[in-house]
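Report on one structure; see the data block that follows.
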2 protein chains.
Amino acid sequence: MNARTVSLLDVARAAGVSKSTASDALQGAGRVAEATREHVREVAARLGYRPNSAARRLRRASTGAIGLHLPQTATRLDYYMNLAFGAVARAQEEGFDVVLLAPATGTHEPLASRVDGLLVIDPEIGDPAVPGLLGAGIPVVTGERYLGSAPAPTGAVICDNSASLTALLDHVHARGARRPALLAPADTSAWAAALHSTAGAWGRTHDVPVEVRTVSFAATPREAEEATLALLAQAPEIDAVICAPDGAAPGVLHAAAARGRAVGRDFSVAACVDGAAVRGAAPPVTAVDLRPSAYGHACAELLCDILASRTDPATVRTHRWALEARASTLGPVG
Amino acid sequence: MNARTVSLLDVARAAGVSKSTASDALQGAGRVAEATREHVREVAARLGYRPNSAARRLRRASTGAIGLHLPQTATRLDYYMNLAFGAVARAQEEGFDVVLLAPATGTHEPLASRVDGLLVIDPEIGDPAVPGLLGAGIPVVTGERYLGSAPAPTGAVICDNSASLTALLDHVHARGARRPALLAPADTSAWAAALHSTAGAWGRTHDVPVEVRTVSFAATPREAEEATLALLAQAPEIDAVICAPDGAAPGVLHAAAARGRAVGRDFSVAACVDGAAVRGAAPPVTAVDLRPSAYGHACAELLCDILASRTDPATVRTHRWALEARASTLGPVG
């Protein structure tokens with residue numbers, strides 16, 4: 001608190017009115033006699049009362065904003081744009097703006113003076129900004145856990161990525177696939193690490209190895225196509241490909257067609273991330289809907305709850321996903 | 001300026017030291033005797049000096065942030081994510097944060113107390129937020145002009161969308177196409193309006209009508225596919241399709257293949273917006289690269305220049321585009 005900042009209550013007391021009358025008078029709202037309105041405004045001007053948000057933020061020691069850090073690859077994936085707008089919607093309910101943080105932290109003012117808290121989404125080992133964000137001394141909520149070494153976040157919202165990949169593998173297996181393969185990024189994020197370990201576990205349970213090929217985190221359809229062509233050349237018995245990177249599955253469709261596979265009949269294709277490219281492909285591709293807008297909403301909600309002391313620090317919440325079965329995995333089996 | 005806010009100079013004067021000594025003492029930097037440091041800190045505490053950025057912003061009557069408004073359809077198009085990060089990079093060079101504004105303006109604090117200026121990108125007629133943003137009483141830079149009725153922006157960065165579509169039409173014409181068609185959104189944005197008028201003008205010049213079909217602003221590949229199938233059923237003489245919506249051109253490729261056209265040989269496909277989906281398609285699609293990151297950078301730069309009085313209000317700058325010729329328009333003609 002800065003004792004020299006004039007509060008609405010100071011104005012109300014000096015003007016001899018209630019705080020709500022002072023507020024109404026200054027905002028031009030409510031039923032306030034014109035003389036009272038004039039009087040309150042004169043008092044406010046004399047005391048140097050500033051009703052703008054910078055002054056309000058100063059009084060409540062708040063910047064009025066939360067920061068949002070996205071993976072460096074986010075510019076290729078509309079998943080993150082949906083997530084960002086979900087966070088914006090929830091943050092605004094509590095009067096917080098969402099500041100989009102630059103991918104690299106520069107020589108800027110300290111984060112703690114710019115934002116009250118941080119959302120760090122899909123933190124990846126190798127992203128040089130992440131340790132500094134987790135160590136910024138303000139509340140941090142991560143979307144998925146961080147696998148690197150850094151101070152623990154104040155909270156996290158996580159998906160059960162092991163359950164969702166298991167559901168995809170079970171789904172293609174039920175539709176007749178016997179030799180599924182997975183295209184996944186290297187395990188530098190909690191999401192990708194869960195995919196790798198789940199593929200191994202599912203293979204051991206079903207006594208059939210799940211072939212895993214490593215592709216980029218933000219692989220293009222072209223990269224997925226080339227990886228699938230190489231996979232089918234090496235292992236022609238593969239009868240299902242699950243593609244992890246957002247939007248890349250149409251490349252798997254192309255490769256399968258080029259190799260004479262009938263997708264949805266003798267060959268299944270599925271995606272770990274739903275989105276327009278996957279829904280709009282021919283045929284539409286079965287996918288895990290991670291509900292990115294709701295996910296951003298949930299991350300912002302947890303941070304708001306922490307900032308308002310409505311929940312304990314170290315809270316971990318789980319975000320629900322849904323499997324969307326489509327024509328790419330119809331399969332020969334009913 | 002609020003006279004009651006304590007400045008660093010107030011502290012320095014009261015403590016009887018220079019401003020830089022006061023700054024060093026408070027920040028723990030520089031060579032300042034411990035007794036001096038202690039004295040300055042006591043004076044600062046007594047005066048109620050707050051060295052955080054909210055106080056600094058209050059003094060300089062700046063929020064330290066600029067707002068970014070994107071079209072409501074932005075969550076489907078990674079074009080806008082690239083644009084946003086370009087704006088963030090340029091804004092940070094001048095110490096401004098970029099606040100992502102919610103698509104709909106809610107019952108939030110007045111914009112003028114949250115941000116110093118606004119970037120309004122691709123303002124569309126029918127977006128209910130736009131008139132309020134243009135009338136918010138703070139500097140506004142639009143990316144493309146606004147065709148609706150509202151106060152004029154303080155500045156604009158525009159693309160010559162007429163020149164880029166003319167270049168695409170000339171390009172497919174040079175490669176042998178004689179009956180080009182265009183899939184474009186309704187003309188509620190400056191970009192789409194330019195596409196419609198340019199298609200008409202090009203057709204008159206070449207004495208051949210350019211068939212135009214209206215699709216959504218953020219049409220999916222599926223929507224483009226259906227529009228192309230309908231187009232080719234009605235007008236089988238069409239030998240080139242230029243697809244305006246970002247990322248939808250792969251649907252045109254599917255439709256052409258389904259109708260037995262050999263894309264890149266007897267049928268040309270091109271896109272008005274380059275991006276991963278277009279570059280990664282099979283075959284890769286010729287496109288206009290609007291350089292979205294550089295575009296966001298240019299918009300933020302103009303707003304920073306206006307805020308710093310380095311340029312006149314009403315400045316309009318032009319953003320360059322580039323035509324990327326790819327296999328989808330190889331054509332039979334050399």
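Residue numbering restarts at 1 in every chain; chains get A, B, ... in the order shown in the structure tokens, and ligands count up from 1 in that same order.
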
(request) Identify every residue of chain B that has at least one atom within 6 Å of any atom of chain A, counting only C-alpha atoms, and report the result as a PyMOL selection string. (result) chain B and resi 48+52-54+58+75-78+81-82+88+98-100+102+113+221-222+280

Save the residues we just selected, all heavy atoms, as a short mmCIF file (atom, residue, chain, number, x, y, z; two decimals), in the first residue's frame?
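What follows is the written file part.cif:
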```
data_model
loop_
_atom_site.label_atom_id
_atom_site.label_comp_id
_atom_site.auth_asym_id
_atom_site.auth_seq_id
_atom_site.Cartn_x
_atom_site.Cartn_y
_atom_site.Cartn_z
N GLY B 48 7.04 7.08 0.65
CA GLY B 48 6.10 6.16 -0.01
C GLY B 48 6.47 5.90 -1.45
O GLY B 48 5.61 5.60 -2.29
N ASN B 52 8.07 0.09 -8.48
CA ASN B 52 7.61 -0.93 -9.43
C ASN B 52 7.05 -0.28 -10.69
O ASN B 52 6.88 0.94 -10.79
CB ASN B 52 6.60 -1.89 -8.78
CG ASN B 52 5.25 -1.26 -8.60
OD1 ASN B 52 4.97 -0.19 -9.13
ND2 ASN B 52 4.40 -1.92 -7.85
N SER B 53 6.80 -1.11 -11.66
CA SER B 53 6.46 -0.55 -12.97
C SER B 53 5.08 0.07 -12.99
O SER B 53 4.81 0.97 -13.77
CB SER B 53 6.57 -1.63 -14.04
OG SER B 53 5.58 -2.59 -13.84
N ALA B 54 4.18 -0.40 -12.10
CA ALA B 54 2.86 0.25 -12.08
C ALA B 54 3.03 1.73 -11.74
O ALA B 54 2.40 2.60 -12.36
CB ALA B 54 1.94 -0.44 -11.06
N LEU B 58 2.30 4.91 -14.12
CA LEU B 58 1.40 5.97 -13.69
C LEU B 58 2.06 7.33 -13.94
O LEU B 58 1.44 8.25 -14.45
CB LEU B 58 1.11 5.78 -12.20
CG LEU B 58 0.04 6.66 -11.58
CD1 LEU B 58 -1.28 6.48 -12.30
CD2 LEU B 58 -0.12 6.31 -10.10
N THR B 75 -8.74 -18.18 -34.52
CA THR B 75 -8.34 -19.41 -33.84
C THR B 75 -8.18 -20.59 -34.80
O THR B 75 -7.76 -21.65 -34.39
CB THR B 75 -9.37 -19.81 -32.77
OG1 THR B 75 -10.65 -19.86 -33.40
CG2 THR B 75 -9.40 -18.79 -31.66
N ARG B 76 -8.54 -20.40 -36.05
CA ARG B 76 -8.39 -21.51 -36.99
C ARG B 76 -7.18 -21.32 -37.89
O ARG B 76 -6.88 -22.20 -38.69
CB ARG B 76 -9.65 -21.63 -37.84
CG ARG B 76 -10.83 -22.18 -37.07
CD ARG B 76 -11.00 -23.65 -37.38
NE ARG B 76 -11.21 -23.78 -38.79
CZ ARG B 76 -12.34 -23.42 -39.41
NH1 ARG B 76 -13.35 -22.97 -38.73
NH2 ARG B 76 -12.45 -23.54 -40.70
N LEU B 77 -6.48 -20.22 -37.80
CA LEU B 77 -5.49 -19.89 -38.80
C LEU B 77 -4.15 -19.54 -38.16
O LEU B 77 -4.04 -18.55 -37.44
CB LEU B 77 -6.00 -18.69 -39.62
CG LEU B 77 -7.43 -18.83 -40.15
CD1 LEU B 77 -7.89 -17.54 -40.79
CD2 LEU B 77 -7.53 -19.98 -41.13
N ASP B 78 -3.14 -20.34 -38.44
CA ASP B 78 -1.87 -20.06 -37.79
C ASP B 78 -1.21 -18.78 -38.35
O ASP B 78 -0.29 -18.25 -37.75
CB ASP B 78 -0.91 -21.24 -37.80
CG ASP B 78 -0.50 -21.71 -39.17
OD1 ASP B 78 -0.66 -20.95 -40.15
OD2 ASP B 78 0.00 -22.83 -39.27
N MET B 81 -1.24 -16.32 -35.59
CA MET B 81 -0.28 -16.58 -34.51
C MET B 81 1.09 -16.03 -34.90
O MET B 81 1.79 -15.43 -34.10
CB MET B 81 -0.22 -18.09 -34.28
CG MET B 81 0.34 -18.45 -32.94
SD MET B 81 -0.82 -18.03 -31.63
CE MET B 81 -0.15 -19.01 -30.32
N ASN B 82 1.46 -16.25 -36.16
CA ASN B 82 2.72 -15.69 -36.66
C ASN B 82 2.70 -14.17 -36.60
O ASN B 82 3.68 -13.54 -36.19
CB ASN B 82 2.95 -16.14 -38.11
CG ASN B 82 3.51 -17.53 -38.20
OD1 ASN B 82 4.69 -17.73 -37.93
ND2 ASN B 82 2.69 -18.49 -38.55
N VAL B 88 4.66 -8.93 -31.12
CA VAL B 88 5.26 -9.03 -29.78
C VAL B 88 6.74 -8.67 -29.85
O VAL B 88 7.26 -7.91 -29.02
CB VAL B 88 5.07 -10.45 -29.20
CG1 VAL B 88 5.94 -10.66 -27.96
CG2 VAL B 88 3.60 -10.69 -28.85
N VAL B 98 2.35 -6.94 -25.22
CA VAL B 98 1.21 -7.06 -26.11
C VAL B 98 0.11 -7.84 -25.40
O VAL B 98 0.32 -8.98 -24.97
CB VAL B 98 1.59 -7.77 -27.43
CG1 VAL B 98 0.34 -8.05 -28.27
CG2 VAL B 98 2.57 -6.91 -28.21
N VAL B 99 -1.03 -7.20 -25.23
CA VAL B 99 -2.18 -7.81 -24.58
C VAL B 99 -3.11 -8.36 -25.65
O VAL B 99 -3.51 -7.65 -26.57
CB VAL B 99 -2.94 -6.76 -23.73
CG1 VAL B 99 -4.29 -7.30 -23.28
CG2 VAL B 99 -2.10 -6.34 -22.53
N LEU B 100 -3.39 -9.65 -25.52
CA LEU B 100 -4.30 -10.29 -26.46
C LEU B 100 -5.72 -9.95 -26.03
O LEU B 100 -6.15 -10.32 -24.94
CB LEU B 100 -4.06 -11.80 -26.37
CG LEU B 100 -4.40 -12.72 -27.51
CD1 LEU B 100 -3.84 -12.23 -28.83
CD2 LEU B 100 -3.86 -14.12 -27.21
N ALA B 102 -9.76 -10.10 -25.92
CA ALA B 102 -10.79 -11.11 -26.16
C ALA B 102 -11.57 -10.74 -27.42
O ALA B 102 -11.76 -9.55 -27.71
CB ALA B 102 -11.73 -11.18 -24.96
N SER B 113 -7.38 2.67 -20.18
CA SER B 113 -6.64 2.53 -18.93
C SER B 113 -5.81 1.26 -18.91
O SER B 113 -5.03 1.03 -18.01
CB SER B 113 -7.60 2.54 -17.74
OG SER B 113 -8.33 1.35 -17.69
N PRO B 221 -10.35 -27.12 -45.56
CA PRO B 221 -10.09 -27.84 -46.81
C PRO B 221 -11.35 -28.52 -47.33
O PRO B 221 -11.62 -28.53 -48.53
CB PRO B 221 -9.01 -28.85 -46.41
CG PRO B 221 -8.30 -28.22 -45.26
CD PRO B 221 -9.35 -27.45 -44.50
N ARG B 222 -12.16 -29.07 -46.40
CA ARG B 222 -13.38 -29.75 -46.81
C ARG B 222 -14.34 -28.79 -47.53
O ARG B 222 -14.92 -29.12 -48.57
CB ARG B 222 -14.05 -30.36 -45.56
CG ARG B 222 -15.40 -31.00 -45.78
CD ARG B 222 -15.32 -32.17 -46.75
NE ARG B 222 -14.43 -33.19 -46.25
CZ ARG B 222 -14.82 -34.30 -45.61
NH1 ARG B 222 -16.09 -34.52 -45.41
NH2 ARG B 222 -13.94 -35.19 -45.21
N GLY B 280 3.14 -27.83 -47.49
CA GLY B 280 3.31 -29.25 -47.22
C GLY B 280 2.35 -30.13 -47.98
O GLY B 280 2.33 -31.33 -47.79
#
```

(request) Within segment 85-276 of chain B, find each residue whose DSSP state, derived from the backbone, is helix (DSSP H, G or I), and express the selection as a PyMOL selection string. (result) chain B and resi 85-93+111-113+130-134+161-174+190-206+221-234+249-258+276

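Using only C-alpha atoms, the contacts of Thr188 of chain A at a cut-off of 8 Å, with sequence neighbours closer than 5 positions omitted, comprise A:Glu124, A:Ile125, A:Gly126, A:Leu147, A:Ala193.
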
(request) Could you jot down the atom CA of Thr311 of chain A to atom CA of Asp127 of chain A separation for me, Å, one decimal place? (result)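 If I compute the distance from atom CA of Thr311 of chain A to atom CA of Asp127 of chain A, I get 28.9 Å.
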
(request) Would you mind telling me which residue in B:Ala258, B:Ala25, B:Ala177, B:Ala192 lies nearest to Cys159 of chain B when using only C-alpha atoms? (result)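 Smallest separation from Cys159 of chain B among the options: B:Ala192.
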
(message) I need the residue nearest Asp289 of chain B from this list: B:Ala44, B:Ala270, B:Val140, B:Leu323. Use only C-alpha atoms for the distance.
(response)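 Result for the nearest residue to Asp289 of chain B: B:Leu323.
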
(request) Identify all residues of segment 82-194 of chain A in strand (DSSP E or B) (DSSP on the backbone) and supply them as a PyMOL selection string. (result) chain A and resi 97-100+117-121+140-143+155-159+180-185

Pull N, CA, C and O atoms from the residues just selected and write them as a short mmCIF file (atom, residue, chain, number, x, y, z; two decimals), in the first residue's frame.
```cif
data_model
loop_
_atom_site.label_atom_id
_atom_site.label_comp_id
_atom_site.auth_asym_id
_atom_site.auth_seq_id
_atom_site.Cartn_x
_atom_site.Cartn_y
_atom_site.Cartn_z
N ASP A 97 -5.83 -8.96 -17.87
CA ASP A 97 -5.42 -9.06 -19.27
C ASP A 97 -4.43 -10.21 -19.42
O ASP A 97 -3.75 -10.58 -18.47
N VAL A 98 -4.34 -10.74 -20.64
CA VAL A 98 -3.34 -11.77 -20.94
C VAL A 98 -2.27 -11.17 -21.84
O VAL A 98 -2.57 -10.70 -22.93
N VAL A 99 -1.05 -11.18 -21.34
CA VAL A 99 0.09 -10.66 -22.09
C VAL A 99 0.77 -11.82 -22.78
O VAL A 99 1.14 -12.81 -22.14
N LEU A 100 0.91 -11.69 -24.09
CA LEU A 100 1.59 -12.72 -24.87
C LEU A 100 3.10 -12.50 -24.70
O LEU A 100 3.62 -11.45 -25.11
N GLY A 117 1.11 -13.28 -12.55
CA GLY A 117 1.35 -14.71 -12.59
C GLY A 117 1.57 -15.14 -14.03
O GLY A 117 1.42 -14.34 -14.96
N LEU A 118 1.93 -16.40 -14.20
CA LEU A 118 2.31 -16.88 -15.52
C LEU A 118 1.62 -18.19 -15.86
O LEU A 118 1.45 -19.06 -14.99
N LEU A 119 1.26 -18.32 -17.14
CA LEU A 119 0.85 -19.61 -17.69
C LEU A 119 1.98 -20.07 -18.61
O LEU A 119 2.34 -19.35 -19.55
N VAL A 120 2.53 -21.22 -18.35
CA VAL A 120 3.60 -21.77 -19.18
C VAL A 120 3.08 -23.08 -19.75
O VAL A 120 2.90 -24.07 -19.04
N ILE A 121 2.79 -23.02 -21.06
CA ILE A 121 2.07 -24.13 -21.69
C ILE A 121 3.04 -25.08 -22.39
O ILE A 121 3.92 -24.64 -23.15
N VAL A 140 3.10 -19.57 -10.94
CA VAL A 140 3.16 -20.13 -12.29
C VAL A 140 2.28 -21.37 -12.35
O VAL A 140 2.38 -22.24 -11.48
N VAL A 141 1.43 -21.41 -13.37
CA VAL A 141 0.68 -22.64 -13.67
C VAL A 141 1.22 -23.18 -14.98
O VAL A 141 1.29 -22.45 -15.98
N THR A 142 1.63 -24.44 -14.98
CA THR A 142 2.05 -25.04 -16.24
C THR A 142 0.91 -25.86 -16.83
O THR A 142 0.10 -26.45 -16.11
N GLY A 143 0.83 -25.86 -18.16
CA GLY A 143 -0.04 -26.77 -18.89
C GLY A 143 0.82 -27.97 -19.23
O GLY A 143 1.74 -27.84 -20.04
N GLY A 155 1.17 -24.51 -9.69
CA GLY A 155 0.07 -25.40 -10.00
C GLY A 155 0.26 -25.94 -11.40
O GLY A 155 1.11 -25.46 -12.16
N ALA A 156 -0.54 -26.94 -11.75
CA ALA A 156 -0.45 -27.51 -13.09
C ALA A 156 -1.81 -28.05 -13.50
O ALA A 156 -2.60 -28.47 -12.66
N VAL A 157 -2.08 -27.98 -14.80
CA VAL A 157 -3.26 -28.64 -15.36
C VAL A 157 -2.72 -29.67 -16.35
O VAL A 157 -1.97 -29.31 -17.27
N ILE A 158 -3.05 -30.91 -16.12
CA ILE A 158 -2.45 -31.97 -16.93
C ILE A 158 -3.54 -32.80 -17.62
O ILE A 158 -4.68 -32.87 -17.16
N CYS A 159 -3.13 -33.39 -18.74
CA CYS A 159 -4.00 -34.34 -19.44
C CYS A 159 -3.46 -35.74 -19.18
O CYS A 159 -2.24 -35.91 -19.04
N PRO A 180 0.15 -51.73 -35.10
CA PRO A 180 0.11 -50.26 -35.11
C PRO A 180 1.50 -49.64 -34.95
O PRO A 180 2.39 -50.24 -34.34
N ALA A 181 1.63 -48.45 -35.50
CA ALA A 181 2.87 -47.68 -35.37
C ALA A 181 2.52 -46.27 -34.89
O ALA A 181 1.36 -45.84 -34.99
N LEU A 182 3.52 -45.59 -34.35
CA LEU A 182 3.32 -44.25 -33.79
C LEU A 182 4.38 -43.30 -34.34
O LEU A 182 5.57 -43.62 -34.34
N LEU A 183 3.94 -42.14 -34.83
CA LEU A 183 4.86 -41.05 -35.16
C LEU A 183 4.77 -40.04 -34.03
O LEU A 183 3.71 -39.45 -33.81
N ALA A 184 5.88 -39.82 -33.32
CA ALA A 184 5.83 -38.95 -32.14
C ALA A 184 7.10 -38.12 -32.04
O ALA A 184 8.16 -38.54 -32.49
N PRO A 185 7.00 -36.93 -31.43
CA PRO A 185 8.21 -36.13 -31.22
C PRO A 185 9.10 -36.74 -30.15
O PRO A 185 8.66 -37.60 -29.39
#
```

(request) Work out how far apart atom CA of Val241 of chain A and atom CA of Arg291 of chain A are and give it in Å to one decimal. (result)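 Going from atom CA of Val241 of chain A over to atom CA of Arg291 of chain A covers 22.2 Å.
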
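For segment 227-230 of chain A, the non-local neighbours within 8 Å, defined as residues at least 6 positions apart in the same chain or in other chains and counting only C-alpha atoms, are Leu183, Arg213, Val215, Val241, Val252, Ala255, Ala256 and Arg259 of chain A.
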
Could you save those same residues with N, CA and C atoms as a PDB file, in the first residue's frame?
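Saved to out.pdb:
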```pdb
ATOM      1  N   LEU A 183       3.941 -42.143 -34.828  1.00  0.00           N
ATOM      2  CA  LEU A 183       4.865 -41.048 -35.165  1.00  0.00           C
ATOM      3  C   LEU A 183       4.766 -40.036 -34.027  1.00  0.00           C
ATOM      4  N   ARG A 213       8.383 -43.975 -34.587  1.00  0.00           N
ATOM      5  CA  ARG A 213       9.319 -43.158 -35.365  1.00  0.00           C
ATOM      6  C   ARG A 213       9.288 -41.736 -34.816  1.00  0.00           C
ATOM      7  N   VAL A 215       9.541 -37.818 -35.009  1.00  0.00           N
ATOM      8  CA  VAL A 215       9.390 -36.704 -35.953  1.00  0.00           C
ATOM      9  C   VAL A 215       9.448 -35.398 -35.151  1.00  0.00           C
ATOM     10  N   VAL A 241      -1.346 -46.284 -38.427  1.00  0.00           N
ATOM     11  CA  VAL A 241      -0.373 -45.278 -38.013  1.00  0.00           C
ATOM     12  C   VAL A 241      -1.097 -44.224 -37.191  1.00  0.00           C
ATOM     13  N   VAL A 252       0.100 -38.673 -43.539  1.00  0.00           N
ATOM     14  CA  VAL A 252       0.016 -40.131 -43.385  1.00  0.00           C
ATOM     15  C   VAL A 252      -0.992 -40.700 -44.380  1.00  0.00           C
ATOM     16  N   ALA A 255       0.643 -40.859 -47.801  1.00  0.00           N
ATOM     17  CA  ALA A 255       1.625 -41.943 -47.897  1.00  0.00           C
ATOM     18  C   ALA A 255       0.924 -43.290 -48.013  1.00  0.00           C
ATOM     19  N   ALA A 256      -0.134 -43.478 -47.207  1.00  0.00           N
ATOM     20  CA  ALA A 256      -0.853 -44.755 -47.249  1.00  0.00           C
ATOM     21  C   ALA A 256      -1.458 -44.981 -48.627  1.00  0.00           C
ATOM     22  N   ARG A 259       1.020 -45.986 -51.179  1.00  0.00           N
ATOM     23  CA  ARG A 259       1.452 -47.383 -51.021  1.00  0.00           C
ATOM     24  C   ARG A 259       0.301 -48.365 -51.259  1.00  0.00           C
TER      25      ARG A 259
END
```

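The spacing separating atom CA of Asp160 of chain A from atom CA of Leu303 of chain A amounts to 20.1 Å.
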
(request) Tell me which protein, DNA and RNA residues are within 9 Å of Thr198 of chain B, counting only C-alpha atoms, leaving out same-chain ones fewer than 4 positions away, and put them as a list of chain:residue names. (result) B:Asn161, B:Ser162, B:Ala163, B:Leu165, B:Thr166, B:Ala193, B:Ala194, B:Trp202, B:Gly203

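Using only C-alpha atoms for every distance, the candidate list B:Ala186, B:Ser164, B:Arg310, B:Arg179 yields B:Ser164 as the residue closest to Leu290 of chain B.
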
(message) Just checking: using only C-alpha atoms, which residue out of A:Leu26, A:Leu70, A:Ala15, A:Val40 ends up closest to Ala129 of chain A?
(response) A:Leu70
